[in-house]
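J.: Input: one structure, supplied below.
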Amino acid sequence: YSSEEIYHLIDSYSGQYGVDSNVVRYIAICESGFNPLSVNGKYAGLFQFDALTWRTNRQGMHLDPSPALRLDALEAIRTAVYIVSIRGGGAWPNCYPK
């Protein structure tokens, strides 16, 4: 996905979940530099999910919980926006705008 496509996906999912898209973009930039293929130890993707957090939230969303999907920008955005909608920035305490 291009940066432009990622921006549009964030806008789309943020609208569906009633979340500020600028917050979601901020988290992605802080966590991965807006790189959907970013891997840092056990963390991966735009939002640097670990496998357990990914599986838990994806199961709650009734979506495929495969940790490999953390590297799919669309799936990562969908999941991150869902988490922000129910928990705010709790999953990203160091990357949530103040």
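Labels used: A, B, ... for chains in the order of the structure tokens, numbers from 1 for residues in each chain, and numbers from 1 for ligands as shown.
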Do you have, as JSON lines, the list of residues of range 19-60 of chain A lying at most 10 Å from range 73-83 of chain A, each with its nearest atom pair and that distance in Å to one decimal, counting only C-alpha atoms and ordered by chain then number?

T.:
{"residue": "A:Val19", "atom": "CA", "partner": "A:Val81", "partner_atom": "CA", "distance": 6.9}
{"residue": "A:Asp20", "atom": "CA", "partner": "A:Val81", "partner_atom": "CA", "distance": 9.1}
{"residue": "A:Ser21", "atom": "CA", "partner": "A:Val81", "partner_atom": "CA", "distance": 8.5}
{"residue": "A:Val23", "atom": "CA", "partner": "A:Val81", "partner_atom": "CA", "distance": 9.4}
{"residue": "A:Val24", "atom": "CA", "partner": "A:Val81", "partner_atom": "CA", "distance": 6.8}
{"residue": "A:Arg25", "atom": "CA", "partner": "A:Ile77", "partner_atom": "CA", "distance": 9.5}
{"residue": "A:Ile27", "atom": "CA", "partner": "A:Ala80", "partner_atom": "CA", "distance": 9.1}
{"residue": "A:Ala28", "atom": "CA", "partner": "A:Ile77", "partner_atom": "CA", "distance": 8.9}
{"residue": "A:Phe34", "atom": "CA", "partner": "A:Ala73", "partner_atom": "CA", "distance": 9.7}
{"residue": "A:Asn35", "atom": "CA", "partner": "A:Ala73", "partner_atom": "CA", "distance": 8.8}
{"residue": "A:Pro36", "atom": "CA", "partner": "A:Ala73", "partner_atom": "CA", "distance": 5.5}
{"residue": "A:Leu37", "atom": "CA", "partner": "A:Ala73", "partner_atom": "CA", "distance": 8.3}
{"residue": "A:Ala44", "atom": "CA", "partner": "A:Ala76", "partner_atom": "CA", "distance": 9.6}
{"residue": "A:Gly45", "atom": "CA", "partner": "A:Ala76", "partner_atom": "CA", "distance": 6.9}
{"residue": "A:Leu46", "atom": "CA", "partner": "A:Ala76", "partner_atom": "CA", "distance": 6.7}
{"residue": "A:Phe47", "atom": "CA", "partner": "A:Ala76", "partner_atom": "CA", "distance": 6.9}
{"residue": "A:Gln48", "atom": "CA", "partner": "A:Ala76", "partner_atom": "CA", "distance": 9.0}
{"residue": "A:Phe49", "atom": "CA", "partner": "A:Ala76", "partner_atom": "CA", "distance": 8.4}
{"residue": "A:Trp54", "atom": "CA", "partner": "A:Thr79", "partner_atom": "CA", "distance": 8.0}
{"residue": "A:Asn57", "atom": "CA", "partner": "A:Thr79", "partner_atom": "CA", "distance": 7.2}
{"residue": "A:Arg58", "atom": "CA", "partner": "A:Thr79", "partner_atom": "CA", "distance": 6.9}
{"residue": "A:Gly60", "atom": "CA", "partner": "A:Tyr82", "partner_atom": "CA", "distance": 9.9}

J.: Select from range 1-82 of chain A everything DSSP, run on the backbone, classes as helix (DSSP H, G or I), then give the selection as number ranges by chain.

T.: A: 3-17, 21-32, 51-60, 67-71, 73-82

J.: Please produce an output containing N, CA and C atoms for each residue in the selection, written as a short mmCIF file (atom, residue, chain, number, x, y, z; two decimals), in the first residue's frame.

T.:
data_model
loop_
_atom_site.label_atom_id
_atom_site.label_comp_id
_atom_site.auth_asym_id
_atom_site.auth_seq_id
_atom_site.Cartn_x
_atom_site.Cartn_y
_atom_site.Cartn_z
N SER A 3 1.49 5.38 0.77
CA SER A 3 1.11 6.26 1.87
C SER A 3 -0.27 6.86 1.65
N GLU A 4 -0.56 7.21 0.40
CA GLU A 4 -1.87 7.78 0.08
C GLU A 4 -2.98 6.76 0.34
N GLU A 5 -2.76 5.52 -0.05
CA GLU A 5 -3.76 4.48 0.20
C GLU A 5 -3.95 4.25 1.70
N ILE A 6 -2.86 4.28 2.44
CA ILE A 6 -2.94 4.12 3.89
C ILE A 6 -3.73 5.27 4.50
N TYR A 7 -3.47 6.50 4.06
CA TYR A 7 -4.25 7.66 4.55
C TYR A 7 -5.74 7.44 4.32
N HIS A 8 -6.10 6.99 3.12
CA HIS A 8 -7.51 6.79 2.79
C HIS A 8 -8.13 5.66 3.62
N LEU A 9 -7.38 4.59 3.82
CA LEU A 9 -7.89 3.50 4.65
C LEU A 9 -8.12 3.96 6.09
N ILE A 10 -7.19 4.74 6.61
CA ILE A 10 -7.35 5.28 7.96
C ILE A 10 -8.60 6.16 8.03
N ASP A 11 -8.78 7.02 7.04
CA ASP A 11 -9.98 7.87 7.02
C ASP A 11 -11.25 7.04 6.98
N SER A 12 -11.25 6.02 6.15
CA SER A 12 -12.44 5.17 5.98
C SER A 12 -12.80 4.44 7.27
N TYR A 13 -11.84 3.74 7.86
CA TYR A 13 -12.12 2.99 9.08
C TYR A 13 -12.38 3.91 10.26
N SER A 14 -11.70 5.03 10.33
CA SER A 14 -11.94 5.98 11.41
C SER A 14 -13.36 6.51 11.36
N GLY A 15 -13.85 6.77 10.16
CA GLY A 15 -15.23 7.21 10.00
C GLY A 15 -16.22 6.15 10.46
N GLN A 16 -15.94 4.90 10.13
CA GLN A 16 -16.84 3.80 10.51
C GLN A 16 -16.91 3.62 12.02
N TYR A 17 -15.79 3.85 12.70
CA TYR A 17 -15.73 3.61 14.14
C TYR A 17 -15.84 4.89 14.97
N SER A 21 -9.19 10.37 12.76
CA SER A 21 -8.18 9.77 11.88
C SER A 21 -6.78 10.33 12.14
N ASN A 22 -6.69 11.56 12.61
CA ASN A 22 -5.38 12.14 12.91
C ASN A 22 -4.70 11.41 14.07
N VAL A 23 -5.48 10.95 15.02
CA VAL A 23 -4.94 10.18 16.14
C VAL A 23 -4.36 8.87 15.62
N VAL A 24 -5.08 8.21 14.74
CA VAL A 24 -4.64 6.93 14.19
C VAL A 24 -3.36 7.12 13.37
N ARG A 25 -3.32 8.16 12.56
CA ARG A 25 -2.11 8.44 11.78
C ARG A 25 -0.92 8.73 12.71
N TYR A 26 -1.16 9.49 13.75
CA TYR A 26 -0.11 9.82 14.71
C TYR A 26 0.49 8.55 15.30
N ILE A 27 -0.37 7.62 15.71
CA ILE A 27 0.10 6.36 16.29
C ILE A 27 0.94 5.59 15.26
N ALA A 28 0.47 5.50 14.02
CA ALA A 28 1.20 4.76 12.98
C ALA A 28 2.56 5.39 12.71
N ILE A 29 2.62 6.70 12.67
CA ILE A 29 3.90 7.38 12.43
C ILE A 29 4.84 7.14 13.59
N CYS A 30 4.33 7.26 14.80
CA CYS A 30 5.15 7.06 16.00
C CYS A 30 5.65 5.63 16.10
N GLU A 31 4.78 4.67 15.86
CA GLU A 31 5.12 3.25 16.05
C GLU A 31 6.01 2.69 14.95
N SER A 32 5.74 3.04 13.70
CA SER A 32 6.44 2.36 12.60
C SER A 32 7.02 3.30 11.54
N ALA A 51 1.93 -10.48 18.89
CA ALA A 51 1.02 -11.54 18.42
C ALA A 51 -0.16 -11.74 19.36
N LEU A 52 0.04 -11.67 20.67
CA LEU A 52 -1.04 -11.90 21.62
C LEU A 52 -2.10 -10.79 21.54
N THR A 53 -1.67 -9.55 21.52
CA THR A 53 -2.60 -8.43 21.41
C THR A 53 -3.38 -8.54 20.11
N TRP A 54 -2.68 -8.89 19.04
CA TRP A 54 -3.34 -9.04 17.74
C TRP A 54 -4.42 -10.12 17.80
N ARG A 55 -4.04 -11.31 18.24
CA ARG A 55 -4.99 -12.43 18.28
C ARG A 55 -6.20 -12.10 19.15
N THR A 56 -5.96 -11.55 20.32
CA THR A 56 -7.04 -11.24 21.25
C THR A 56 -8.04 -10.27 20.64
N ASN A 57 -7.55 -9.20 20.06
CA ASN A 57 -8.44 -8.21 19.48
C ASN A 57 -9.13 -8.70 18.22
N ARG A 58 -8.41 -9.42 17.40
CA ARG A 58 -9.01 -9.94 16.16
C ARG A 58 -10.11 -10.95 16.48
N GLN A 59 -9.90 -11.78 17.50
CA GLN A 59 -10.95 -12.71 17.90
C GLN A 59 -12.17 -11.94 18.39
N GLY A 60 -11.95 -10.85 19.13
CA GLY A 60 -13.05 -10.02 19.59
C GLY A 60 -13.81 -9.37 18.45
N PRO A 67 -1.35 -13.87 13.21
CA PRO A 67 -0.40 -12.78 13.43
C PRO A 67 0.29 -12.29 12.15
N ALA A 68 0.32 -13.11 11.12
CA ALA A 68 0.92 -12.68 9.85
C ALA A 68 0.18 -11.47 9.27
N LEU A 69 -1.10 -11.34 9.60
CA LEU A 69 -1.90 -10.23 9.08
C LEU A 69 -1.51 -8.87 9.68
N ARG A 70 -0.67 -8.89 10.70
CA ARG A 70 -0.20 -7.61 11.27
C ARG A 70 0.53 -6.78 10.22
N LEU A 71 1.09 -7.46 9.21
CA LEU A 71 1.85 -6.77 8.16
C LEU A 71 0.97 -6.34 6.99
N ALA A 73 -1.53 -3.78 5.77
CA ALA A 73 -1.92 -2.43 6.20
C ALA A 73 -3.42 -2.32 6.44
N LEU A 74 -4.23 -2.86 5.55
CA LEU A 74 -5.67 -2.76 5.71
C LEU A 74 -6.12 -3.42 7.02
N GLU A 75 -5.65 -4.62 7.27
CA GLU A 75 -6.05 -5.35 8.48
C GLU A 75 -5.52 -4.67 9.73
N ALA A 76 -4.30 -4.16 9.67
CA ALA A 76 -3.72 -3.47 10.82
C ALA A 76 -4.50 -2.20 11.14
N ILE A 77 -4.87 -1.45 10.10
CA ILE A 77 -5.64 -0.22 10.31
C ILE A 77 -7.01 -0.56 10.90
N ARG A 78 -7.66 -1.52 10.32
CA ARG A 78 -8.99 -1.93 10.82
C ARG A 78 -8.91 -2.28 12.30
N THR A 79 -7.89 -3.03 12.67
CA THR A 79 -7.75 -3.49 14.05
C THR A 79 -7.37 -2.34 14.98
N ALA A 80 -6.44 -1.49 14.56
CA ALA A 80 -6.02 -0.36 15.39
C ALA A 80 -7.18 0.60 15.64
N VAL A 81 -7.94 0.90 14.61
CA VAL A 81 -9.06 1.82 14.77
C VAL A 81 -10.10 1.22 15.72
N TYR A 82 -10.35 -0.06 15.60
CA TYR A 82 -11.27 -0.74 16.51
C TYR A 82 -10.78 -0.59 17.96
#

J.: Report the residues of chain A whose backbone DSSP state falls under strand (DSSP E or B), written as a list in words.

T.: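 Residues of chain A classed as strand (DSSP E or B): Val39, Asn40, Tyr43, Ala44 and Phe49 of chain A.
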
J.: If you measure from CA of Asp50 in chain A to CA of Val84 in chain A, what distance in Å do you get, rounded to one decimal?

T.: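 So the two atoms, CA of Asp50 in chain A and CA of Val84 in chain A, lie 16.0 Å apart.
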
J.: Suppose you want the space between CA of Gly18 in chain A and CA of Tyr43 in chain A; what is it in Å?

T.: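 CA of Tyr43 in chain A lies at a distance of 26.2 Å from CA of Gly18 in chain A.
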
J.: What is the distance between CA of Arg87 in chain A and CA of Gly41 in chain A, in Å to one decimal?

T.: 24.2 Å
